[in-house]
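Containing PDB, C-alpha atoms (C1' of nucleotides): query02.pdb.
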ATOM      1  CA  MET A   1     -26.996  -6.795 -10.637
ATOM      2  CA  ARG A   2     -26.689  -9.273  -7.798
ATOM      3  CA  SER A   3     -26.937  -8.055  -4.231
ATOM      4  CA  ASP A   4     -25.295  -9.722  -1.275
ATOM      5  CA  THR A   5     -24.471  -8.957   2.322
ATOM      6  CA  ILE A   6     -21.337 -10.042   4.113
ATOM      7  CA  HIS A   7     -20.877  -9.859   7.849
ATOM      8  CA  SER A   8     -17.982  -9.473  10.227
ATOM      9  CA  ARG A   9     -17.624 -10.143  13.932
ATOM     10  CA  ASN A  10     -16.182  -6.633  14.210
ATOM     11  CA  ASP A  11     -17.300  -3.188  13.202
ATOM     12  CA  ILE A  12     -16.527  -2.192   9.676
ATOM     13  CA  ASP A  13     -16.248   1.452   8.754
ATOM     14  CA  LEU A  14     -15.777   1.762   5.026
ATOM     15  CA  ASN A  15     -14.641   5.345   5.065
ATOM     16  CA  ASN A  16     -12.150   4.886   7.838
ATOM     17  CA  SER A  17     -10.982   1.365   7.436
ATOM     18  CA  ILE A  18     -11.048  -0.690   4.293
ATOM     19  CA  PHE A  19     -10.213   2.154   2.005
ATOM     20  CA  SER A  20      -7.716   3.894   4.221
ATOM     21  CA  GLY A  21      -4.666   3.475   2.139
ATOM     22  CA  GLN A  22      -3.818  -0.127   1.495
ATOM     23  CA  THR A  23      -5.622   0.016  -1.800
ATOM     24  CA  PHE A  24      -5.693   2.756  -4.357
ATOM     25  CA  ARG A  25      -8.278   1.070  -6.529
ATOM     26  CA  TRP A  26     -11.480   1.723  -4.631
ATOM     27  CA  THR A  27     -13.252   4.876  -5.718
ATOM     28  CA  ASN A  28     -15.892   6.699  -3.747
ATOM     29  CA  ILE A  29     -18.878   7.227  -6.047
ATOM     30  CA  GLU A  30     -21.410   8.450  -3.490
ATOM     31  CA  ARG A  31     -19.778  10.127  -0.567
ATOM     32  CA  ASP A  32     -23.058  10.773   1.257
ATOM     33  CA  HIS A  33     -23.967   7.114   1.188
ATOM     34  CA  GLN A  34     -20.404   5.790   1.418
ATOM     35  CA  LYS A  35     -20.706   3.884  -1.802
ATOM     36  CA  TYR A  36     -17.488   2.635  -3.382
ATOM     37  CA  ILE A  37     -16.691   0.910  -6.657
ATOM     38  CA  SER A  38     -13.895  -1.329  -7.868
ATOM     39  CA  ILE A  39     -13.291  -4.398 -10.006
ATOM     40  CA  ILE A  40     -12.316  -7.638  -8.317
ATOM     41  CA  ASP A  41     -11.820 -10.940 -10.115
ATOM     42  CA  GLY A  42     -13.581  -9.706 -13.231
ATOM     43  CA  ASN A  43     -16.585  -8.418 -11.299
ATOM     44  CA  VAL A  44     -17.641  -4.816 -10.938
ATOM     45  CA  LEU A  45     -18.366  -4.382  -7.245
ATOM     46  CA  ILE A  46     -20.185  -1.600  -5.488
ATOM     47  CA  VAL A  47     -19.855  -1.686  -1.734
ATOM     48  CA  GLU A  48     -21.798   0.260   0.849
ATOM     49  CA  GLN A  49     -22.207   0.162   4.601
ATOM     50  CA  GLU A  50     -25.312  -1.755   5.661
ATOM     51  CA  THR A  51     -24.821  -2.003   9.405
ATOM     52  CA  PRO A  52     -21.694  -1.307  11.486
ATOM     53  CA  SER A  53     -20.634  -4.918  11.016
ATOM     54  CA  SER A  54     -21.882  -5.693   7.528
ATOM     55  CA  LEU A  55     -21.301  -4.587   3.976
ATOM     56  CA  ARG A  56     -23.877  -4.628   1.209
ATOM     57  CA  ILE A  57     -22.347  -5.578  -2.080
ATOM     58  CA  LEU A  58     -23.748  -5.185  -5.554
ATOM     59  CA  SER A  59     -21.836  -7.201  -8.082
ATOM     60  CA  GLN A  60     -21.964  -7.596 -11.812
ATOM     61  CA  PRO A  61     -19.693  -9.905 -13.779
ATOM     62  CA  VAL A  62     -17.958  -8.432 -16.778
ATOM     63  CA  GLN A  63     -17.336 -10.266 -20.040
ATOM     64  CA  ASN A  64     -19.415 -13.349 -19.180
ATOM     65  CA  GLN A  65     -17.195 -14.351 -16.325
ATOM     66  CA  ASN A  66     -18.625 -16.095 -13.283
ATOM     67  CA  GLU A  67     -20.099 -14.099 -10.469
ATOM     68  CA  ILE A  68     -17.945 -13.607  -7.433
ATOM     69  CA  SER A  69     -18.727 -15.913  -4.511
ATOM     70  CA  ARG A  70     -19.472 -14.914  -0.947
ATOM     71  CA  ASP A  71     -16.503 -16.942   0.220
ATOM     72  CA  ARG A  72     -14.249 -14.972  -2.102
ATOM     73  CA  LEU A  73     -15.582 -11.678  -0.758
ATOM     74  CA  ASN A  74     -15.017 -12.744   2.839
ATOM     75  CA  ASP A  75     -11.516 -13.710   1.822
ATOM     76  CA  TYR A  76     -10.882 -10.477  -0.092
ATOM     77  CA  PHE A  77     -11.982  -8.297   2.836
ATOM     78  CA  SER A  78     -10.112 -10.601   5.253
ATOM     79  CA  LEU A  79     -13.199 -10.980   7.414
ATOM     80  CA  ASP A  80     -11.667 -14.167   8.795
ATOM     81  CA  ILE A  81      -9.184 -12.015  10.701
ATOM     82  CA  ASP A  82      -9.884 -10.130  13.931
ATOM     83  CA  PRO A  83      -7.489  -7.171  13.698
ATOM     84  CA  LEU A  84      -7.194  -6.771  17.458
ATOM     85  CA  GLU A  85      -6.247 -10.409  17.865
ATOM     86  CA  CYS A  86      -3.234  -9.688  15.697
ATOM     87  CA  PHE A  87      -1.679  -8.090  18.789
ATOM     88  CA  PRO A  88      -0.259 -10.504  21.367
ATOM     89  CA  LEU A  89      -1.192 -10.253  25.051
ATOM     90  CA  SER A  90       2.362  -9.158  25.816
ATOM     91  CA  PHE A  91       1.833  -6.101  23.609
ATOM     92  CA  ARG A  92      -1.434  -5.134  25.307
ATOM     93  CA  THR A  93       0.067  -5.303  28.787
ATOM     94  CA  ARG A  94       3.343  -3.647  27.859
ATOM     95  CA  TYR A  95       1.795  -0.749  25.909
ATOM     96  CA  PRO A  96      -1.631  -0.121  27.541
ATOM     97  CA  GLU A  97      -1.917   3.495  26.390
ATOM     98  CA  LEU A  98      -1.094   2.655  22.796
ATOM     99  CA  TRP A  99      -3.523  -0.245  23.010
ATOM    100  CA  GLN A 100      -6.332   2.175  23.919
ATOM    101  CA  LEU A 101      -5.303   4.377  21.008
ATOM    102  CA  LEU A 102      -5.582   1.416  18.643
ATOM    103  CA  LEU A 103      -9.072   0.281  19.651
ATOM    104  CA  PRO A 104     -10.903   2.661  17.265
ATOM    105  CA  TYR A 105      -8.899   1.135  14.402
ATOM    106  CA  ARG A 106     -10.284  -2.375  14.912
ATOM    107  CA  GLY A 107     -12.251  -2.082  11.665
ATOM    108  CA  ILE A 108      -9.177  -1.789   9.495
ATOM    109  CA  ARG A 109      -8.765  -4.647   7.069
ATOM    110  CA  VAL A 110      -5.772  -5.656   5.030
ATOM    111  CA  LEU A 111      -7.352  -6.586   1.716
ATOM    112  CA  ARG A 112      -6.194  -9.668  -0.139
ATOM    113  CA  GLN A 113      -5.529  -7.974  -3.429
ATOM    114  CA  ASP A 114      -4.275  -9.024  -6.843
ATOM    115  CA  ALA A 115      -0.512  -9.527  -6.843
ATOM    116  CA  PHE A 116       0.346  -7.820 -10.132
ATOM    117  CA  GLU A 117      -1.867  -4.840  -9.396
ATOM    118  CA  THR A 118      -0.264  -4.521  -5.965
ATOM    119  CA  LEU A 119       3.224  -4.748  -7.435
ATOM    120  CA  VAL A 120       2.620  -1.917  -9.905
ATOM    121  CA  THR A 121       0.771   0.144  -7.321
ATOM    122  CA  PHE A 122       3.634   0.113  -4.867
ATOM    123  CA  MET A 123       6.189   0.707  -7.608
ATOM    124  CA  CYS A 124       4.307   3.984  -8.067
ATOM    125  CA  ALA A 125       4.582   4.810  -4.359
ATOM    126  CA  GLN A 126       8.145   5.988  -3.985
ATOM    127  CA  GLY A 127       8.873   9.171  -2.127
ATOM    128  CA  ILE A 128       5.700  10.995  -3.078
ATOM    129  CA  GLY A 129       2.406  11.799  -1.408
ATOM    130  CA  MET A 130      -0.670   9.601  -1.298
ATOM    131  CA  HIS A 131      -2.721  11.776  -3.638
ATOM    132  CA  ILE A 132      -0.071  11.569  -6.375
ATOM    133  CA  ILE A 133       0.072   7.788  -5.988
ATOM    134  CA  ARG A 134      -3.682   7.552  -6.437
ATOM    135  CA  ARG A 135      -3.501   9.821  -9.464
ATOM    136  CA  GLN A 136      -0.863   7.614 -11.057
ATOM    137  CA  ILE A 137      -2.973   4.472 -10.605
ATOM    138  CA  ASP A 138      -6.102   6.224 -11.892
ATOM    139  CA  THR A 139      -4.208   7.369 -14.986
ATOM    140  CA  ILE A 140      -2.725   3.929 -15.639
ATOM    141  CA  CYS A 141      -6.219   2.421 -15.479
ATOM    142  CA  SER A 142      -7.878   5.041 -17.670
ATOM    143  CA  ARG A 143      -5.146   4.823 -20.335
ATOM    144  CA  PHE A 144      -4.438   1.090 -20.301
ATOM    145  CA  GLY A 145      -7.377  -0.574 -18.554
ATOM    146  CA  ARG A 146     -10.723  -1.578 -20.035
ATOM    147  CA  LYS A 147     -13.684   0.748 -19.616
ATOM    148  CA  HIS A 148     -16.847  -0.575 -18.001
ATOM    149  CA  THR A 149     -20.073   1.372 -17.704
ATOM    150  CA  ILE A 150     -22.770   0.268 -15.321
ATOM    151  CA  GLU A 151     -25.925   1.840 -13.955
ATOM    152  CA  VAL A 152     -26.127   3.079 -10.386
ATOM    153  CA  ASN A 153     -29.479   4.479  -9.253
ATOM    154  CA  GLY A 154     -30.452   5.059 -12.852
ATOM    155  CA  LYS A 155     -27.239   6.906 -13.721
ATOM    156  CA  PRO A 156     -24.391   5.518 -15.807
ATOM    157  CA  VAL A 157     -21.062   5.177 -13.979
ATOM    158  CA  SER A 158     -17.881   4.449 -15.893
ATOM    159  CA  PHE A 159     -14.983   2.650 -14.350
ATOM    160  CA  PHE A 160     -11.698   1.226 -15.591
ATOM    161  CA  SER A 161     -10.216  -2.113 -14.727
ATOM    162  CA  PHE A 162      -6.528  -2.445 -13.924
ATOM    163  CA  PRO A 163      -4.551  -3.405 -17.040
ATOM    164  CA  SER A 164      -3.128  -6.891 -17.388
ATOM    165  CA  ALA A 165       0.585  -7.649 -17.274
ATOM    166  CA  GLU A 166       0.408  -8.385 -21.006
ATOM    167  CA  THR A 167      -1.017  -4.946 -21.710
ATOM    168  CA  LEU A 168       1.570  -3.093 -19.636
ATOM    169  CA  ALA A 169       4.343  -5.277 -21.075
ATOM    170  CA  GLY A 170       3.530  -3.816 -24.465
ATOM    171  CA  ALA A 171       2.986  -0.257 -23.249
ATOM    172  CA  ASP A 172       4.705   2.659 -24.943
ATOM    173  CA  PRO A 173       7.217   4.016 -22.385
ATOM    174  CA  ALA A 174       6.390   7.580 -23.409
ATOM    175  CA  GLU A 175       2.686   7.030 -22.710
ATOM    176  CA  LEU A 176       3.287   5.187 -19.451
ATOM    177  CA  LYS A 177       5.576   8.016 -18.333
ATOM    178  CA  ILE A 178       2.559  10.334 -18.449
ATOM    179  CA  CYS A 179       0.956   8.014 -15.886
ATOM    180  CA  THR A 180       3.986   7.776 -13.598
ATOM    181  CA  ASN A 181       4.353  11.398 -12.616
ATOM    182  CA  ASN A 182       6.712  11.993 -15.566
ATOM    183  CA  ASN A 183       9.185   9.598 -14.054
ATOM    184  CA  CYS A 184      10.902   7.793 -16.972
ATOM    185  CA  LEU A 185      12.740   5.306 -14.796
ATOM    186  CA  ARG A 186       9.582   4.286 -12.968
ATOM    187  CA  ALA A 187       7.714   3.746 -16.250
ATOM    188  CA  SER A 188      10.590   1.673 -17.590
ATOM    189  CA  ASN A 189      10.763  -0.411 -14.422
ATOM    190  CA  ILE A 190       7.011  -1.108 -14.521
ATOM    191  CA  ILE A 191       7.247  -2.269 -18.130
ATOM    192  CA  SER A 192      10.153  -4.559 -17.213
ATOM    193  CA  ALA A 193       8.167  -6.019 -14.315
ATOM    194  CA  ALA A 194       5.098  -6.505 -16.538
ATOM    195  CA  ARG A 195       7.255  -8.313 -19.104
ATOM    196  CA  ALA A 196       8.651 -10.586 -16.395
ATOM    197  CA  VAL A 197       5.122 -11.503 -15.299
ATOM    198  CA  SER A 198       3.642 -11.892 -18.784
ATOM    199  CA  SER A 199       6.570 -13.959 -20.037
ATOM    200  CA  GLY A 200       6.332 -16.272 -17.037
ATOM    201  CA  SER A 201       9.855 -15.588 -15.808
ATOM    202  CA  LEU A 202       8.238 -14.167 -12.647
ATOM    203  CA  GLU A 203       5.458 -16.459 -11.408
ATOM    204  CA  LEU A 204       3.399 -14.468  -8.924
ATOM    205  CA  ASN A 205       0.998 -17.378  -8.392
ATOM    206  CA  ALA A 206       3.884 -19.570  -7.313
ATOM    207  CA  LEU A 207       5.106 -16.877  -4.926
ATOM    208  CA  ALA A 208       1.638 -16.838  -3.334
ATOM    209  CA  ASP A 209       2.140 -20.382  -2.047
ATOM    210  CA  PRO A 210       1.731 -19.877   1.732
ATOM    211  CA  SER A 211       4.302 -22.536   2.508
ATOM    212  CA  ARG A 212       7.067 -20.478   0.919
ATOM    213  CA  ASN A 213       9.669 -18.686   2.933
ATOM    214  CA  LEU A 214       9.263 -14.895   3.230
ATOM    215  CA  GLU A 215      12.910 -14.115   2.601
ATOM    216  CA  GLU A 216      12.966 -16.304  -0.461
ATOM    217  CA  ILE A 217       9.940 -14.503  -1.923
ATOM    218  CA  ARG A 218      11.440 -11.128  -1.093
ATOM    219  CA  GLU A 219      14.685 -12.022  -2.791
ATOM    220  CA  THR A 220      12.785 -12.942  -5.944
ATOM    221  CA  LEU A 221      10.781  -9.710  -5.944
ATOM    222  CA  CYS A 222      13.881  -7.610  -5.241
ATOM    223  CA  GLY A 223      15.341  -9.028  -8.443
ATOM    224  CA  LEU A 224      13.046  -6.633 -10.294
ATOM    225  CA  LYS A 225      14.472  -3.221 -11.125
ATOM    226  CA  GLY A 226      12.914  -0.561  -8.932
ATOM    227  CA  VAL A 227      11.814  -3.016  -6.260
ATOM    228  CA  GLY A 228      13.583  -2.858  -2.907
ATOM    229  CA  LEU A 229      12.864  -4.293   0.521
ATOM    230  CA  LYS A 230       9.908  -2.067   1.295
ATOM    231  CA  ILE A 231       8.046  -2.565  -1.967
ATOM    232  CA  ALA A 232       8.699  -6.321  -1.861
ATOM    233  CA  ASP A 233       7.306  -6.499   1.677
ATOM    234  CA  CYS A 234       4.226  -4.502   0.629
ATOM    235  CA  VAL A 235       3.614  -6.869  -2.284
ATOM    236  CA  MET A 236       3.895  -9.828   0.082
ATOM    237  CA  LEU A 237       1.503  -8.256   2.609
ATOM    238  CA  PHE A 238      -1.188  -6.893   0.280
ATOM    239  CA  GLY A 239      -0.735  -8.896  -2.923
ATOM    240  CA  LEU A 240       0.497 -12.295  -1.758
ATOM    241  CA  HIS A 241      -1.631 -12.206   1.402
ATOM    242  CA  ARG A 242       1.235 -12.788   3.785
ATOM    243  CA  PHE A 243       0.125 -11.081   6.981
ATOM    244  CA  ASP A 244       3.473 -11.964   8.528
ATOM    245  CA  ALA A 245       5.282  -9.590   6.138
ATOM    246  CA  PHE A 246       6.131  -6.295   7.848
ATOM    247  CA  PRO A 247       7.012  -3.390   5.515
ATOM    248  CA  VAL A 248       9.018  -0.546   7.066
ATOM    249  CA  ASP A 249       8.242   2.734   5.329
ATOM    250  CA  THR A 250       8.856   6.299   6.429
ATOM    251  CA  HIS A 251       5.855   6.239   8.788
ATOM    252  CA  VAL A 252       6.681   2.876  10.316
ATOM    253  CA  HIS A 253      10.250   4.095  10.741
ATOM    254  CA  GLN A 254       8.900   7.059  12.693
ATOM    255  CA  TYR A 255       6.468   5.207  14.953
ATOM    256  CA  LEU A 256       8.978   2.495  15.795
ATOM    257  CA  GLY A 257      11.083   5.261  17.330
ATOM    258  CA  HIS A 258       8.243   7.207  18.912
ATOM    259  CA  TRP A 259       6.221   4.391  20.451
ATOM    260  CA  PHE A 260       8.795   1.664  20.968
ATOM    261  CA  SER A 261      12.033   3.642  21.324
ATOM    262  CA  LEU A 262      13.893   1.339  18.967
ATOM    263  CA  PRO A 263      17.440   2.694  18.612
ATOM    264  CA  GLY A 264      17.544   1.807  14.923
ATOM    265  CA  ALA A 265      14.758   4.312  14.294
ATOM    266  CA  LEU A 266      17.225   7.146  14.947
ATOM    267  CA  LYS A 267      19.326   6.076  11.974
ATOM    268  CA  SER A 268      18.533   6.626   8.321
ATOM    269  CA  LEU A 269      16.645   3.774   6.706
ATOM    270  CA  SER A 270      19.527   1.894   5.108
ATOM    271  CA  ARG A 271      19.202  -1.772   4.161
ATOM    272  CA  LYS A 272      20.871  -2.796   7.396
ATOM    273  CA  THR A 273      18.662  -0.535   9.523
ATOM    274  CA  TYR A 274      15.575  -1.756   7.685
ATOM    275  CA  LEU A 275      16.314  -5.388   8.494
ATOM    276  CA  THR A 276      17.247  -4.590  12.107
ATOM    277  CA  LEU A 277      14.061  -2.586  12.694
ATOM    278  CA  GLN A 278      11.948  -5.286  11.108
ATOM    279  CA  LYS A 279      13.411  -7.946  13.356
ATOM    280  CA  GLU A 280      12.923  -5.799  16.461
ATOM    281  CA  ALA A 281       9.310  -5.093  15.478
ATOM    282  CA  LEU A 282       8.675  -8.830  15.186
ATOM    283  CA  ASP A 283       9.868  -9.218  18.770
ATOM    284  CA  ILE A 284       7.147  -6.794  19.885
ATOM    285  CA  LEU A 285       4.318  -7.947  17.608
ATOM    286  CA  SER A 286       2.972 -11.390  16.867
ATOM    287  CA  PRO A 287       5.219 -12.740  14.069
ATOM    288  CA  ARG A 288       2.277 -14.422  12.345
ATOM    289  CA  TYR A 289       0.262 -11.207  12.017
ATOM    290  CA  ALA A 290       2.958  -8.544  12.278
ATOM    291  CA  GLY A 291       2.023  -6.954   8.948
ATOM    292  CA  PHE A 292      -1.678  -6.790   9.768
ATOM    293  CA  ALA A 293      -0.944  -5.287  13.179
ATOM    294  CA  GLY A 294       1.540  -2.918  11.600
ATOM    295  CA  HIS A 295      -1.172  -1.645   9.306
ATOM    296  CA  LEU A 296      -3.334  -0.584  12.252
ATOM    297  CA  LEU A 297      -0.312   1.103  13.817
ATOM    298  CA  PHE A 298       0.409   2.793  10.487
ATOM    299  CA  HIS A 299      -3.016   4.432  10.275
ATOM    300  CA  CYS A 300      -3.154   5.237  13.969
ATOM    301  CA  TRP A 301       0.207   6.963  13.662
ATOM    302  CA  ARG A 302      -0.729   8.943  10.566
ATOM    303  CA  ARG A 303      -4.112  10.066  11.797
ATOM    304  CA  ASP A 304      -3.799  10.457  15.577
ATOM    305  CA  ILE A 305      -0.170  11.542  15.911
ATOM    306  CA  ARG A 306       0.709  13.155  12.588
ATOM    307  CA  HIS A 307      -2.834  14.440  11.997
ATOM    308  CA  MET A 308      -2.678  13.492   8.341
ATOM    309  CA  THR A 309      -6.016  13.408   6.571
ATOM    310  CA  SER A 310      -5.094  11.994   3.166
ATOM    311  CA  PHE A 311      -5.246   8.273   2.541
TER     312      PHE A 311
ATOM    313  C1'  DT B   1      11.033  29.117   0.593
ATOM    314  C1'  DC B   2      11.662  24.828   2.590
ATOM    315  C1'  DC B   3      10.544  20.243   3.940
ATOM    316  C1'  DC B   4       8.553  16.000   3.326
ATOM    317  C1'  DA B   5       5.667  12.568   1.247
ATOM    318  C1'  DG B   6       3.736   4.447   1.903
ATOM    319  C1'  DG B   7      11.777   4.479  -2.078
ATOM    320  C1'  DC B   8      15.265   2.955  -5.043
ATOM    321  C1'  DC B   9      19.729   3.254  -6.918
ATOM    322  C1'  DC B  10      24.185   5.024  -7.784
ATOM    323  C1'  DT B  11      28.407   7.386  -6.346
ATOM    324  C1'  DA B  12      31.856   9.009  -3.145
ATOM    325  C1'  DC B  13      34.350   8.267   0.938
TER     326       DC B  13
ATOM    327  C1'  DG C   1      28.504   0.580   5.562
ATOM    328  C1'  DT C   2      26.858   4.972   5.253
ATOM    329  C1'  DA C   3      25.766   9.522   3.677
ATOM    330  C1'  DG C   4      24.172  12.208  -0.046
ATOM    331  C1'  DG C   5      22.046  13.289  -4.337
ATOM    332  C1'  DG C   6      18.824  12.453  -8.373
ATOM    333  C1'  DC C   7      14.365  11.247  -9.752
ATOM    334  C1'  DA C   8       9.467  14.307  -9.862
ATOM    335  C1'  DT C   9       5.500  16.859  -8.033
ATOM    336  C1'  DG C  10       2.447  19.071  -4.750
ATOM    337  C1'  DG C  11       0.746  20.223  -0.217
ATOM    338  C1'  DG C  12       1.519  22.170   4.310
TER     339       DG C  12
END

Produce structure tokens that represent the structure in this file.
Amino acid sequence: MRSDTIHSRNDIDLNNSIFSGQTFRWTNIERDHQKYISIIDGNVLIVEQETPSSLRILSQPVQNQNEISRDRLNDYFSLDIDPLECFPLSFRTRYPELWQLLLPYRGIRVLRQDAFETLVTFMCAQGIGMHIIRRQIDTICSRFGRKHTIEVNGKPVSFFSFPSAETLAGADPAELKICTNNNCLRASNIISAARAVSSGSLELNALADPSRNLEEIRETLCGLKGVGLKIADCVMLFGLHRFDAFPVDTHVHQYLGHWFSLPGALKSLSRKTYLTLQKEALDILSPRYAGFAGHLLFHCWRRDIRHMTSF
DNA sequence: TCCCAGGCCCTAC
DNA sequence: GTAGGGCATGGG
């Protein structure tokens, strides 16, 4: 297994940052040592904290694929981005108390994840708690993904990769329903989305072109059954690596009212309210990094104000 | 028991 | 255009 170390200008806290919610595919295998495992680009990766600003990564390619490069890891963990610089000076001066509250969250990264995996993940995240979402993804992987067993400190550890679009396109709806919290409609929608991707009628790679217009991408994604504004924005932020995409979920809806007193936050989150709130948020945050900044606000809100511990 | 959790969609008005 | 209910389950 190859070992590598990647560094960041900022502190990185694995337990409190990278894995705090934006991905459901990293699993803690050694809580005492903060050791996590996942599969990225056909490589089994084990990540642990080396120093406050560096990660030690053990990687092993699966199925004779090439080893993952250091550049790719820096890209995946978005170490090219300084989270605090995602907030404009106007924000820092206008909201000094909130700014102080955000400083401990400087280690939070928005991972540049796989688009299809992100799409399915957020299709599983409708109106239910974080632990059920994680359970759904775990079950999808264990039933439809490929099993990999590697050795960690002399002990075998088994892990499942996320299934391909082709695999989910051919999934039995009754079996997928077991994975989607018994929700038939959700299972059916995921199969439809997988068929769109595997048949080529939905080209996620083309949507990842950074020169493309956000609204145009969102319109395409919203053409899928079971995908609305929020899920489309999450796919753009986490799966298409568009840090300018700003999803408004129930928590964002709440903090936009609490911290910024946006009048739209008092209304229910209809399509119209969603778009209004999003536009108003972009006036407060830097448009280029609104989604990245929003992710720090999201976790700060959940942990410091709502005192939620799950992620 | 009740409310809400990283929503979406359909119906009634 | 907006409000309300269904989908589903579990934790606080």

All residues 6 Å or closer to region 1-6 of chain B, only C-alpha atoms (C1' of nucleotides), same chain fewer than 2 positions away omitted, as a list of chain:residue names
A:Gly127, A:Ile128, A:Gly129, A:Asp249

So which residues get picked by the PyMOL selection byres ((chain A) within 7 of (chain C)) here, written as a PyMOL selection string?
chain A and resi 181-183

Polymer residues at most 12 Å from Ile46 (chain A), only C-alpha atoms (C1' of nucleotides), same-chain spacing of 2 or more positions, as a ChimeraX atom specification:
/A:1-5,14,26-30,33-40,43-44,48-49,55-61,150-153,157,159

Rounded to one decimal place, report the CA of Ala187 (chain A)-CA of Ala174 (chain A) distance in Å.
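Between these atoms lies a distance of 8.2 Å.
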
What is the distance between CA of Ala208 (chain A) and CA of Asp114 (chain A), in Å to one decimal?
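We find that CA of Ala208 (chain A) and CA of Asp114 (chain A) lie 10.4 Å from each other.
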
What lies within 8 Å of region 8-12 of chain B using only C-alpha atoms (C1' of nucleotides), ignoring chain neighbours under 5 positions off, as a compact mmCIF listing (two decimals) with C-alpha atoms, in the coordinates of the input?
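And here's part_19.txt as it stands now:
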# COMPACT_ATOMS: atom_id res chain seq x y z
CA GLN A 126 8.14 5.99 -3.98
CA GLY A 226 12.91 -0.56 -8.93
CA VAL A 227 11.81 -3.02 -6.26
CA GLY A 228 13.58 -2.86 -2.91

Counting only C-alpha atoms (C1' of nucleotides), which residue out of A:Arg109, A:His299, A:Arg9, A:Arg92 sits closest to chain B?
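With only C-alpha atoms (C1' of nucleotides) as the atom set, the closest residue is A:His299.
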
Determine the residue membership of the PyMOL selection byres ((chain A) within 12 of (chain B)) for the file above and supply it as a ChimeraX atom specification.
/A:20-24,121-134,185-186,189,222,224-234,247-253,269-271,295,298-299,302,308,310-311

Expressed in Å to a single decimal, how great is the separation between CA of Pro96 (chain A) and CA of Ile81 (chain A)?
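Rounded to one decimal, the two atoms are 22.0 Å apart.
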